[in-house]
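Notes follow the structure.
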Number of protein chains: 2
Amino acid sequence: MFEQLGLIGCGLMGGSFALALKRAGLVRRVVGYSKSPSTTERARAMGVIDVEAPSALLAVSGADIVLIAVPVASTEATFKAIKHLVSNDMLIMDVGSTKSDVIQAASRVLRERVRSFVPAHPIAGKELAGVEHADPELYKGRQVILTPNDQTGAAQVQKAIDLWTALGCRVLQMSPEQHDAAYAAVSHLPHLLAFAIMNGITSQPQSKDYLSLAGPGFRDFTRIAAGDPKVWRDILLANRDELLKQSQIFQRNLHALELVISSGNGEALQGLLEQASQARGNWTLGNNPQN
Amino acid sequence: MFEQLGLIGCGLMGGSFALALKRAGLVRRVVGYSKSPSTTERARAMGVIDVEAPSALLAVSGADIVLIAVPVASTEATFKAIKHLVSNDMLIMDVGSTKSDVIQAASRVLRERVRSFVPAHPIAGKELAGVEHADPELYKGRQVILTPNDQTGAAQVQKAIDLWTALGCRVLQMSPEQHDAAYAAVSHLPHLLAFAIMNGITSQPQSKDYLSLAGPGFRDFTRIAAGDPKVWRDILLANRDELLKQSQIFQRNLHALELVISSGNGEALQGLLEQASQARGNWTLGNNPQN
């Protein structure tokens with residue numbers, strides 16, 4: 001049970017976290033700050049936060065738990081804004097989709113107080129940004145990846161594990177590098193491709209007709225292309241090395257398919273499709289052999 | 001109301017069609033044929049068909065409506081098998097995802113009897129192949145594209161429109177070329193990309209770990225990669241020219257994104273992501289301005 005959550009960034013991710021903590025009876029009071037005062041106001045009107053803070057620093061004042069839920073590239077600025085009130089018994093987490101950059105920023109800015117910071121990435125979200133879509137169930141049943149390092153306080157890591165577990169999540173630990181390599185492959189690359197296909201279609205004069213004819217396969221395939229442009233700008237840039245590596249691997253495999261299609265080699269094509277279809281057919285969400 | 005449906009191919013698409021017609025009271029009797037006798041048997045045991053036919057030709061015998069629901073590349077062989085029993089007052093349809101190849105095969109094989117054939121593409125399906133997943137609701141609320149040409153009988157086209165409308169579908173007409181260009185962009189290309197990303201991931205030594213960490217975005221993005229390899233082999237080959245053209249357009253847009261990511265140009269990247277995100281955000285399934 002925490003006394004006070006300092007919530008920095010009252011959007012979908014932050015708002016859902018506050019609601020989940022409240023519903024689980026894990027926090028007494030939520031003090032929230034957002035860059036846009038209207039967002040903070042809305043969050044209070046909705047009962048997501050109890051008190052509006054006029055700055056990130058004041059959201060941290062008196063908090064025993066802090067959640068930083070801002071676009072990845074704003075994380076370092078947030079650390080700078082709050083560093084004078086970071087204390088050793090506080091638990092600070094983020095929810096960012098990239099972890100190497102975040103942990104480097106934390107070390108640089110927080111120095112020895114970095115022990116309070118447990119980098120976290122809950123594998124949850126939806127394409128509807130903003131506090132008005134905050135949902136206490138958003139994290140339930142999802143995986144949460146923690147990427148602590150040598151400097152991270154053991155007590156903080158344990159508190160983080162207990163908290164996410166209490167919210168119905170399955171908690172995994174790995175290095176930031178492992179995290180970023182894996183999510184380049186299974187999240188950042190799919191987003192990049194979904195953005196690219198939408199731009200490819202809209203670049204064509206017949207795009208309206210084409211889009212009007214698209215079915216449920218297209219709906220699901222492109223759902224993630226509706227993601228928040230600022231959030232995804234930051235993620236794709238923060239993890240660019242791993243992402244571009246994955247994009248090369250993808251393109252090699254696309255070219256292999258194109259080759260057998262253009263040469264009309266049905267047998268080879270079927271072999272490649274079987275490989276993909278089996279891999280996807282055997283996959284299920286949250287099936288984690290590490291557990 | 002039809003007397004007898006001759007169903008050639010008792011899989012997901014054909015089986016769902018038979019069930020839908022029965023439930024709507026639009027057919028008295030279904031005679032079914034599948035290449036694999038065990039499939040035909042299962043279809044009868046499930047009540048999808050009433051009578052098992054030992055050949056495609058015998059499934060057509062006595063039918064006033066025929067549905068050809070086989071992989072696209074088997075369509076021509078099916079026309080050849082049934083041509084001697086095709087009559088002028090019959091309605092024959094297919095459900096294939098490509099239309100130029102099918103209508104060419106029909107003209108070649110059926111000659112003047114091609115008037116009975118109305119090429120059809122219901123925009124429906126799921127990743128679970130086989131008659132055991134047949135579902136009378138599969139087509140409900142979906143779009144169905146008809147691609148008749150000068151040779152197609154007007155009475156047959158009207159019957160086809162009435163039938164699909166009675167099943168709860170919205171019926172559109174266009175040329176086979178328009179159809180194939182559009183579905184290369186919004187269906188065949190997404191499938192190709194989904195197959196390629198699965199093969200790219202499984203080609204890496206860490207693929208099991210990566211896949212275990214994937215979340216709901218990955219689930220939806222790759223759902224179509226589980227499609228039937230034989231069905232998709234035929235579609236990708238049948239529509240290869242339009243597909244490869246769309247793949248080039250996609251790759252140009254992917255390279256544009258990679259370029260601004262590798263150069264770290266956040267502003268340009270955000271612009272490209274906004275374009276994609278807006279286009280997808282404005283899109284809804286079955287929103288058809290042509291209606």
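Every chain in the structure tokens takes a letter, A first, then B, and so on in the order presented; its residues are numbered from 1, and the ligands are numbered from 1 following the presented order.
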
Within 6 Å of chain B, which residues of chain A show up when using only C-alpha atoms, listed as number ranges by chain? A: 123, 182, 186, 195-200, 210, 212, 214-215, 220-221, 225-226, 229, 233, 237, 249-250, 253-254, 261, 270, 273-274, 276-277, 280-281, 287-288

Selection to disk with N, CA and C atoms, as a compact mmCIF listing (two decimals), in the first residue's frame:
# COMPACT_ATOMS: atom_id res chain seq x y z
N ILE A 123 3.34 -4.34 -21.34
CA ILE A 123 2.98 -4.62 -22.74
C ILE A 123 1.48 -4.45 -22.88
N ALA A 182 14.43 -7.33 -28.47
CA ALA A 182 13.19 -8.10 -28.64
C ALA A 182 12.05 -7.22 -29.14
N VAL A 186 9.37 -7.40 -32.36
CA VAL A 186 7.95 -7.77 -32.25
C VAL A 186 7.00 -6.60 -32.01
N PHE A 195 2.84 1.76 -40.43
CA PHE A 195 2.88 3.15 -40.88
C PHE A 195 3.21 3.21 -42.38
N ALA A 196 4.18 2.39 -42.80
CA ALA A 196 4.63 2.44 -44.20
C ALA A 196 3.52 2.00 -45.15
N ILE A 197 2.76 0.98 -44.79
CA ILE A 197 1.72 0.52 -45.71
C ILE A 197 0.60 1.56 -45.82
N MET A 198 0.27 2.21 -44.72
CA MET A 198 -0.76 3.26 -44.80
C MET A 198 -0.29 4.40 -45.71
N ASN A 199 0.98 4.81 -45.56
CA ASN A 199 1.50 5.88 -46.41
C ASN A 199 1.56 5.44 -47.87
N GLY A 200 1.88 4.17 -48.09
CA GLY A 200 1.92 3.66 -49.46
C GLY A 200 0.55 3.70 -50.11
N TYR A 210 -9.65 2.05 -52.67
CA TYR A 210 -8.98 0.90 -52.10
C TYR A 210 -9.36 0.73 -50.62
N SER A 212 -11.91 1.78 -49.05
CA SER A 212 -13.33 1.45 -48.83
C SER A 212 -13.59 -0.03 -49.02
N ALA A 214 -11.40 -2.45 -48.11
CA ALA A 214 -10.58 -3.27 -47.20
C ALA A 214 -11.44 -3.98 -46.17
N GLY A 215 -11.00 -5.17 -45.80
CA GLY A 215 -11.79 -6.02 -44.90
C GLY A 215 -11.16 -6.20 -43.53
N ASP A 220 -7.16 -5.42 -38.83
CA ASP A 220 -6.28 -5.88 -37.76
C ASP A 220 -4.81 -5.58 -38.07
N PHE A 221 -4.45 -5.76 -39.34
CA PHE A 221 -3.05 -5.57 -39.74
C PHE A 221 -2.60 -4.13 -39.53
N ALA A 225 -1.18 1.25 -36.85
CA ALA A 225 -0.77 2.46 -37.59
C ALA A 225 -1.49 3.70 -37.07
N ALA A 226 -2.54 3.51 -36.28
CA ALA A 226 -3.26 4.64 -35.71
C ALA A 226 -2.61 5.15 -34.43
N PRO A 229 1.46 9.64 -33.13
CA PRO A 229 2.68 9.96 -33.88
C PRO A 229 3.85 10.42 -33.01
N ARG A 233 7.19 8.42 -32.81
CA ARG A 233 8.40 9.12 -33.26
C ARG A 233 9.53 8.86 -32.25
N LEU A 237 12.90 6.45 -32.93
CA LEU A 237 14.22 7.09 -32.89
C LEU A 237 15.08 6.53 -31.76
N ILE A 249 16.33 -7.44 -41.78
CA ILE A 249 15.99 -8.87 -41.76
C ILE A 249 14.63 -9.08 -42.41
N PHE A 250 13.69 -8.21 -42.06
CA PHE A 250 12.35 -8.30 -42.67
C PHE A 250 12.45 -8.18 -44.19
N ASN A 253 13.60 -11.18 -46.04
CA ASN A 253 12.56 -12.21 -46.13
C ASN A 253 11.45 -11.81 -47.10
N LEU A 254 11.17 -10.52 -47.19
CA LEU A 254 10.21 -10.05 -48.18
C LEU A 254 10.74 -10.30 -49.59
N ILE A 261 7.64 -15.48 -56.00
CA ILE A 261 6.38 -15.06 -56.61
C ILE A 261 6.62 -14.63 -58.05
N GLN A 270 5.03 -21.94 -51.45
CA GLN A 270 4.24 -22.65 -50.43
C GLN A 270 5.10 -23.00 -49.22
N LEU A 273 5.49 -19.91 -47.13
CA LEU A 273 4.23 -19.55 -46.46
C LEU A 273 3.93 -20.53 -45.33
N GLU A 274 4.26 -21.80 -45.54
CA GLU A 274 4.02 -22.78 -44.49
C GLU A 274 4.83 -22.47 -43.23
N ALA A 276 5.86 -19.53 -42.25
CA ALA A 276 5.26 -18.38 -41.57
C ALA A 276 3.96 -18.76 -40.88
N SER A 277 3.14 -19.52 -41.60
CA SER A 277 1.82 -19.87 -41.09
C SER A 277 1.93 -20.76 -39.86
N ARG A 280 3.11 -18.63 -36.86
CA ARG A 280 2.04 -17.80 -36.31
C ARG A 280 0.94 -18.65 -35.68
N GLY A 281 0.67 -19.81 -36.32
CA GLY A 281 -0.37 -20.69 -35.78
C GLY A 281 0.00 -21.23 -34.41
N ASN A 287 2.23 -16.37 -24.03
CA ASN A 287 2.74 -17.72 -23.81
C ASN A 287 4.23 -17.62 -23.56
N ASN A 288 4.61 -17.57 -22.32
CA ASN A 288 5.98 -17.21 -22.00
C ASN A 288 6.75 -18.37 -21.40

Can you list, as an MDAnalysis selection string, every protein, DNA or RNA residue that comes within 8 Å of segment 88-103 of chain B when you count only C-alpha atoms, leaving out same-chain residues fewer than 4 positions away? chainID B and resid 13 63:72 75:76 107 113 115:122 147 156 159:160 176:177 179:180 183 235 238:239

Please save C-alpha atoms of the selected residues as a compact mmCIF listing (two decimals), in the first residue's frame.
# COMPACT_ATOMS: atom_id res chain seq x y z
CA MET B 13 -15.84 -20.62 -47.23
CA ALA B 63 -28.25 -27.98 -59.18
CA ASP B 64 -29.75 -24.58 -59.95
CA ILE B 65 -26.96 -22.88 -57.99
CA VAL B 66 -23.30 -23.90 -57.82
CA LEU B 67 -20.61 -22.50 -55.55
CA ILE B 68 -16.98 -23.16 -56.38
CA ALA B 69 -15.03 -22.70 -53.16
CA VAL B 70 -11.60 -24.13 -53.95
CA PRO B 71 -8.11 -22.56 -53.92
CA VAL B 72 -7.90 -20.07 -56.82
CA THR B 75 -10.76 -23.05 -60.34
CA GLU B 76 -9.92 -23.79 -63.98
CA SER B 107 -14.24 -17.86 -70.63
CA ARG B 113 -21.91 -20.99 -71.08
CA ARG B 115 -23.05 -16.41 -68.99
CA SER B 116 -23.98 -18.58 -66.00
CA PHE B 117 -20.86 -17.62 -64.08
CA VAL B 118 -20.85 -14.60 -61.79
CA PRO B 119 -17.38 -14.09 -60.28
CA ALA B 120 -17.77 -13.24 -56.60
CA HIS B 121 -15.43 -12.27 -53.77
CA PRO B 122 -16.97 -12.07 -50.30
CA THR B 147 -17.03 -8.76 -61.23
CA GLN B 156 -27.56 -14.39 -63.09
CA LYS B 159 -29.86 -13.52 -58.70
CA ALA B 160 -26.38 -13.19 -57.23
CA PRO B 176 -11.94 -7.78 -62.40
CA GLU B 177 -8.98 -5.45 -63.02
CA HIS B 179 -10.85 -5.63 -58.06
CA ASP B 180 -7.40 -7.14 -58.39
CA TYR B 183 -7.09 -6.17 -53.22
CA ILE B 235 -3.68 -15.85 -54.55
CA ALA B 238 -2.55 -15.26 -59.47
CA ASN B 239 -2.29 -11.56 -58.71

Cα-based least-squares overlay of chain B on chain A, as a CSV table (one decimal) with C-alpha atoms, in the first residue's frame:
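Output below, filename superposed.csv:
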chain,number,residue,atom,x,y,z
B,1,MET,CA,0.0,0.0,0.0
B,2,PHE,CA,1.4,3.4,-1.0
B,3,GLU,CA,0.5,6.7,0.5
B,4,GLN,CA,0.8,8.9,-2.5
B,5,LEU,CA,1.3,8.4,-6.3
B,6,GLY,CA,3.0,11.2,-8.1
B,7,LEU,CA,1.8,10.8,-11.7
B,8,ILE,CA,3.7,12.6,-14.4
B,9,GLY,CA,1.8,12.4,-17.6
B,10,CYS,CA,-1.9,11.9,-17.2
B,11,GLY,CA,-2.5,10.2,-20.6
B,12,LEU,CA,-3.8,6.7,-21.4
B,13,MET,CA,-0.9,4.8,-19.8
B,14,GLY,CA,-0.6,7.0,-16.7
B,15,GLY,CA,-4.3,7.5,-16.2
B,16,SER,CA,-4.9,3.7,-16.5
B,17,PHE,CA,-2.2,3.1,-13.9
B,18,ALA,CA,-3.7,5.5,-11.4
B,19,LEU,CA,-7.2,4.0,-11.9
B,20,ALA,CA,-5.8,0.5,-11.5
B,21,LEU,CA,-4.0,1.3,-8.3
B,22,LYS,CA,-7.0,3.0,-6.8
B,23,ARG,CA,-9.3,0.1,-7.7
B,24,ALA,CA,-6.9,-2.3,-6.2
B,25,GLY,CA,-6.8,-0.2,-3.0
B,26,LEU,CA,-3.0,0.2,-3.4
B,27,VAL,CA,-2.8,4.0,-3.1
B,28,ARG,CA,-4.4,6.6,-0.9
B,29,ARG,CA,-3.9,9.7,-3.0
B,30,VAL,CA,-2.9,10.5,-6.5
B,31,VAL,CA,-1.2,13.8,-7.3
B,32,GLY,CA,-1.0,14.4,-11.1
B,33,TYR,CA,0.9,16.6,-13.5
B,34,SER,CA,0.6,16.9,-17.3
B,35,LYS,CA,2.3,19.3,-19.6
B,36,SER,CA,-1.1,20.5,-20.8
B,37,PRO,CA,-3.2,22.0,-17.8
B,38,SER,CA,-6.4,21.0,-19.6
B,39,THR,CA,-5.3,17.3,-19.4
B,40,THR,CA,-4.5,17.6,-15.7
B,41,GLU,CA,-7.9,19.2,-15.1
B,42,ARG,CA,-9.8,16.5,-17.1
B,43,ALA,CA,-7.9,13.8,-15.1
B,44,ARG,CA,-9.1,15.3,-11.9
B,45,ALA,CA,-12.6,15.8,-13.1
B,46,MET,CA,-12.6,12.1,-14.1
B,47,GLY,CA,-11.3,11.0,-10.7
B,48,VAL,CA,-8.1,9.6,-12.2
B,49,ILE,CA,-6.1,12.0,-10.0
B,50,ASP,CA,-7.1,13.6,-6.7
B,51,VAL,CA,-4.9,16.7,-6.8
B,52,GLU,CA,-3.5,18.7,-9.7
B,53,ALA,CA,0.2,19.6,-9.4
B,54,PRO,CA,1.5,22.7,-11.1
B,55,SER,CA,4.8,21.0,-12.0
B,56,ALA,CA,6.4,17.6,-12.3
B,57,LEU,CA,8.5,18.5,-9.3
B,58,LEU,CA,5.5,19.2,-7.1
B,59,ALA,CA,3.8,16.0,-8.3
B,60,VAL,CA,6.8,14.1,-6.7
B,61,SER,CA,6.7,16.1,-3.5
B,62,GLY,CA,5.4,13.8,-0.7
B,63,ALA,CA,5.1,10.8,-3.1
B,64,ASP,CA,6.3,7.4,-2.1
B,65,ILE,CA,5.7,6.1,-5.6
B,66,VAL,CA,6.2,8.0,-8.9
B,67,LEU,CA,5.1,7.0,-12.4
B,68,ILE,CA,6.6,8.8,-15.4
B,69,ALA,CA,4.2,8.2,-18.3
B,70,VAL,CA,5.4,10.6,-20.9
B,71,PRO,CA,6.7,10.1,-24.5
B,72,VAL,CA,10.1,8.4,-24.3
B,73,ALA,CA,12.1,11.4,-25.5
B,74,SER,CA,10.6,13.5,-22.6
B,75,THR,CA,11.9,11.1,-19.9
B,76,GLU,CA,15.3,12.8,-19.5
B,77,ALA,CA,13.7,16.2,-19.1
B,78,THR,CA,11.3,14.8,-16.5
B,79,PHE,CA,14.2,13.3,-14.5
B,80,LYS,CA,15.9,16.7,-14.5
B,81,ALA,CA,12.7,18.4,-13.4
B,82,ILE,CA,12.2,16.0,-10.4
B,83,LYS,CA,15.7,15.1,-9.3
B,84,HIS,CA,15.9,17.4,-6.3
B,85,LEU,CA,13.0,15.6,-4.7
B,86,VAL,CA,13.9,12.0,-5.5
B,87,SER,CA,14.7,10.2,-2.3
B,88,ASN,CA,16.2,6.8,-1.6
B,89,ASP,CA,13.1,5.1,-0.4
B,90,MET,CA,10.9,6.2,-3.2
B,91,LEU,CA,9.9,3.9,-6.1
B,92,ILE,CA,10.1,5.6,-9.5
B,93,MET,CA,9.0,3.8,-12.6
B,94,ASP,CA,8.4,4.7,-16.2
B,95,VAL,CA,6.2,2.8,-18.8
B,96,GLY,CA,8.3,3.5,-21.9
B,97,SER,CA,8.6,1.1,-24.8
B,98,THR,CA,12.4,1.5,-25.0
B,99,LYS,CA,14.7,0.9,-22.1
B,100,SER,CA,18.4,1.5,-22.9
B,101,ASP,CA,17.9,5.2,-23.5
B,102,VAL,CA,15.8,5.6,-20.4
B,103,ILE,CA,18.2,3.9,-18.1
B,104,GLN,CA,21.1,5.9,-19.5
B,105,ALA,CA,19.1,9.1,-19.0
B,106,ALA,CA,18.3,8.1,-15.4
B,107,SER,CA,22.0,7.4,-14.6
B,108,ARG,CA,23.1,10.7,-16.1
B,109,VAL,CA,20.5,12.8,-14.3
B,110,LEU,CA,19.7,11.0,-11.1
B,111,ARG,CA,23.3,9.8,-10.4
B,112,GLU,CA,23.4,7.9,-7.1
B,113,ARG,CA,19.6,8.3,-6.7
B,114,VAL,CA,19.1,6.1,-9.7
B,115,ARG,CA,18.6,3.3,-7.2
B,116,SER,CA,15.0,4.5,-6.8
B,117,PHE,CA,14.3,4.0,-10.5
B,118,VAL,CA,13.0,0.7,-11.8
B,119,PRO,CA,12.6,0.9,-15.6
B,120,ALA,CA,9.3,-0.8,-16.6
B,121,HIS,CA,7.5,-1.6,-19.8
B,122,PRO,CA,4.0,-2.9,-19.5
B,123,ILE,CA,3.0,-4.6,-22.7
B,124,ALA,CA,-0.4,-2.9,-23.0
B,125,GLY,CA,-1.9,0.0,-24.8
B,126,LYS,CA,-4.5,1.0,-27.3
B,127,GLU,CA,-4.7,3.2,-30.3
B,128,LEU,CA,-6.9,5.8,-28.4
B,129,ALA,CA,-4.6,8.2,-26.7
B,130,GLY,CA,-5.6,10.5,-23.8
B,131,VAL,CA,-6.9,10.3,-20.3
B,132,GLU,CA,-10.5,10.0,-21.6
B,133,HIS,CA,-9.6,6.4,-22.6
B,134,ALA,CA,-7.9,5.5,-19.4
B,135,ASP,CA,-9.0,2.1,-18.2
B,136,PRO,CA,-8.3,0.4,-14.9
B,137,GLU,CA,-8.2,-3.0,-16.7
B,138,LEU,CA,-5.6,-1.9,-19.3
B,139,TYR,CA,-2.8,-3.7,-17.6
B,140,LYS,CA,-4.7,-6.8,-16.3
B,141,GLY,CA,-3.3,-10.1,-17.6
B,142,ARG,CA,-0.5,-8.4,-19.5
B,143,GLN,CA,3.3,-8.9,-19.2
B,144,VAL,CA,5.4,-6.2,-17.6
B,145,ILE,CA,9.1,-6.1,-18.3
B,146,LEU,CA,11.4,-4.7,-15.7
B,147,THR,CA,15.0,-3.8,-16.7
B,148,PRO,CA,16.9,-3.0,-13.5
B,149,ASN,CA,20.7,-2.9,-13.5
B,150,ASP,CA,23.4,-3.1,-10.8
B,151,GLN,CA,22.6,0.3,-9.5
B,152,THR,CA,18.9,-0.3,-9.0
B,153,GLY,CA,17.8,-0.8,-5.4
B,154,ALA,CA,16.7,-4.4,-4.6
B,155,ALA,CA,13.9,-3.1,-2.4
B,156,GLN,CA,12.6,-1.0,-5.2
B,157,VAL,CA,12.7,-3.9,-7.6
B,158,GLN,CA,10.7,-6.1,-5.2
B,159,LYS,CA,8.1,-3.3,-4.6
B,160,ALA,CA,7.7,-3.0,-8.4
B,161,ILE,CA,7.3,-6.7,-8.8
B,162,ASP,CA,4.7,-6.9,-6.0
B,163,LEU,CA,2.8,-3.9,-7.4
B,164,TRP,CA,2.5,-5.1,-11.0
B,165,THR,CA,1.6,-8.6,-9.8
B,166,ALA,CA,-1.1,-7.1,-7.6
B,167,LEU,CA,-2.5,-5.4,-10.8
B,168,GLY,CA,-2.8,-8.9,-12.4
B,169,CYS,CA,0.4,-8.6,-14.5
B,170,ARG,CA,3.1,-11.2,-15.1
B,171,VAL,CA,6.4,-9.7,-14.3
B,172,LEU,CA,9.6,-10.5,-16.2
B,173,GLN,CA,13.2,-9.2,-15.8
B,174,MET,CA,15.8,-8.7,-18.4
B,175,SER,CA,18.6,-6.4,-19.5
B,176,PRO,CA,17.6,-3.1,-21.3
B,177,GLU,CA,19.6,-4.4,-24.3
B,178,GLN,CA,17.7,-7.7,-24.4
B,179,HIS,CA,14.4,-5.8,-24.1
B,180,ASP,CA,15.2,-3.3,-26.9
B,181,ALA,CA,16.3,-6.1,-29.3
B,182,ALA,CA,13.2,-8.1,-28.6
B,183,TYR,CA,10.7,-5.2,-29.0
B,184,ALA,CA,12.4,-3.9,-32.1
B,185,ALA,CA,11.4,-7.3,-33.6
B,186,VAL,CA,7.9,-7.8,-32.2
B,187,SER,CA,6.6,-4.3,-31.7
B,188,HIS,CA,8.7,-1.4,-33.2
B,189,LEU,CA,9.1,-3.1,-36.6
B,190,PRO,CA,5.4,-4.0,-36.9
B,191,HIS,CA,4.5,-0.4,-36.2
B,192,LEU,CA,7.0,0.8,-38.8
B,193,LEU,CA,5.6,-1.5,-41.4
B,194,ALA,CA,2.0,-0.5,-40.5
B,195,PHE,CA,2.9,3.2,-40.9
B,196,ALA,CA,4.6,2.4,-44.2
B,197,ILE,CA,1.7,0.5,-45.7
B,198,MET,CA,-0.8,3.3,-44.8
B,199,ASN,CA,1.5,5.9,-46.4
B,200,GLY,CA,1.9,3.7,-49.4
B,201,ILE,CA,-1.8,3.3,-49.9
B,202,THR,CA,-2.6,7.0,-49.3
B,203,SER,CA,0.1,8.0,-51.8
B,204,GLN,CA,-2.0,6.4,-54.6
B,205,PRO,CA,-4.8,8.3,-56.5
B,206,GLN,CA,-7.2,5.4,-55.9
B,207,SER,CA,-6.6,5.2,-52.2
B,208,LYS,CA,-10.1,6.1,-51.2
B,209,ASP,CA,-11.6,3.3,-53.3
B,210,TYR,CA,-9.0,0.9,-52.1
B,211,LEU,CA,-9.6,1.7,-48.5
B,212,SER,CA,-13.3,1.4,-48.8
B,213,LEU,CA,-12.9,-2.2,-50.0
B,214,ALA,CA,-10.6,-3.3,-47.2
B,215,GLY,CA,-11.8,-6.0,-44.9
B,216,PRO,CA,-11.2,-7.5,-41.4
B,217,GLY,CA,-7.6,-8.6,-42.3
B,218,PHE,CA,-6.6,-5.1,-43.2
B,219,ARG,CA,-8.4,-3.7,-40.1
B,220,ASP,CA,-6.3,-5.9,-37.8
B,221,PHE,CA,-3.1,-5.6,-39.7
B,222,THR,CA,-3.1,-1.8,-39.7
B,223,ARG,CA,-4.7,-1.2,-36.3
B,224,ILE,CA,-1.3,-0.1,-34.8
B,225,ALA,CA,-0.8,2.4,-37.6
B,226,ALA,CA,-3.3,4.6,-35.7
B,227,GLY,CA,-0.8,4.9,-32.8
B,228,ASP,CA,0.1,8.4,-31.4
B,229,PRO,CA,2.7,9.9,-33.9
B,230,LYS,CA,4.7,11.7,-31.1
B,231,VAL,CA,4.9,8.6,-29.0
B,232,TRP,CA,6.0,6.5,-31.9
B,233,ARG,CA,8.4,9.1,-33.2
B,234,ASP,CA,10.2,8.9,-29.9
B,235,ILE,CA,10.2,5.1,-29.8
B,236,LEU,CA,11.4,4.6,-33.3
B,237,LEU,CA,14.2,7.1,-32.9
B,238,ALA,CA,15.2,5.8,-29.4
B,239,ASN,CA,15.6,2.3,-30.6
B,240,ARG,CA,16.7,3.1,-34.2
B,241,ASP,CA,19.7,0.8,-34.3
B,242,GLU,CA,17.8,-2.4,-33.3
B,243,LEU,CA,14.8,-1.3,-35.4
B,244,LEU,CA,16.8,-0.7,-38.6
B,245,LYS,CA,18.5,-4.1,-38.1
B,246,GLN,CA,15.1,-5.8,-37.8
B,247,SER,CA,13.9,-3.9,-40.8
B,248,GLN,CA,16.8,-5.3,-42.9
B,249,ILE,CA,16.0,-8.9,-41.8
B,250,PHE,CA,12.4,-8.3,-42.7
B,251,GLN,CA,13.3,-6.9,-46.1
B,252,ARG,CA,15.5,-9.9,-46.8
B,253,ASN,CA,12.6,-12.2,-46.1
B,254,LEU,CA,10.2,-10.0,-48.2
B,255,HIS,CA,12.6,-10.2,-51.1
B,256,ALA,CA,12.8,-14.0,-50.8
B,257,LEU,CA,9.0,-14.1,-51.1
B,258,GLU,CA,9.0,-11.6,-54.0
B,259,LEU,CA,11.6,-13.7,-55.8
B,260,VAL,CA,9.6,-16.9,-55.8
B,261,ILE,CA,6.4,-15.0,-56.6
B,262,SER,CA,7.9,-13.3,-59.6
B,263,SER,CA,9.4,-16.5,-60.9
B,264,GLY,CA,6.2,-18.3,-60.3
B,265,ASN,CA,7.8,-21.0,-58.2
B,266,GLY,CA,4.7,-22.3,-56.4
B,267,GLU,CA,6.4,-25.0,-54.5
B,268,ALA,CA,9.1,-22.7,-53.0
B,269,LEU,CA,6.4,-20.1,-52.2
B,270,GLN,CA,4.3,-22.7,-50.4
B,271,GLY,CA,7.3,-23.7,-48.4
B,272,LEU,CA,7.9,-20.1,-47.2
B,273,LEU,CA,4.2,-19.6,-46.5
B,274,GLU,CA,4.0,-22.8,-44.5
B,275,GLN,CA,7.0,-21.7,-42.3
B,276,ALA,CA,5.3,-18.4,-41.6
B,277,SER,CA,1.8,-19.9,-41.1
B,278,GLN,CA,3.1,-22.6,-38.7
B,279,ALA,CA,5.1,-20.1,-36.7
B,280,ARG,CA,2.0,-17.8,-36.3
B,281,GLY,CA,-0.4,-20.7,-35.8
B,282,ASN,CA,1.7,-22.0,-32.9
B,283,TRP,CA,2.0,-18.6,-31.2
B,284,THR,CA,-0.4,-17.4,-28.5
B,285,LEU,CA,-0.4,-14.1,-26.6
B,286,GLY,CA,1.4,-14.2,-23.3
B,287,ASN,CA,2.7,-17.7,-23.8
B,288,ASN,CA,5.9,-17.2,-22.0
B,289,PRO,CA,8.4,-20.2,-21.7
B,290,GLN,CA,10.6,-18.1,-19.3
B,291,ASN,CA,7.9,-18.3,-16.6

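Among the residues of segment 167-249 of chain B, backbone DSSP assigns strand (DSSP E or B) to Arg170, Val171, Leu172 and Gln173 of chain B.
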
Saved selection, atoms kept: C-alpha atoms, as a short mmCIF file (atom, residue, chain, number, x, y, z; two decimals), in the first residue's frame:
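So the final result, stored in out25.cif, reads:
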data_model
loop_
_atom_site.label_atom_id
_atom_site.label_comp_id
_atom_site.auth_asym_id
_atom_site.auth_seq_id
_atom_site.Cartn_x
_atom_site.Cartn_y
_atom_site.Cartn_z
CA ARG B 170 -23.49 -5.36 -49.15
CA VAL B 171 -22.95 -6.08 -52.83
CA LEU B 172 -20.63 -4.04 -55.06
CA GLN B 173 -19.83 -4.45 -58.74
#
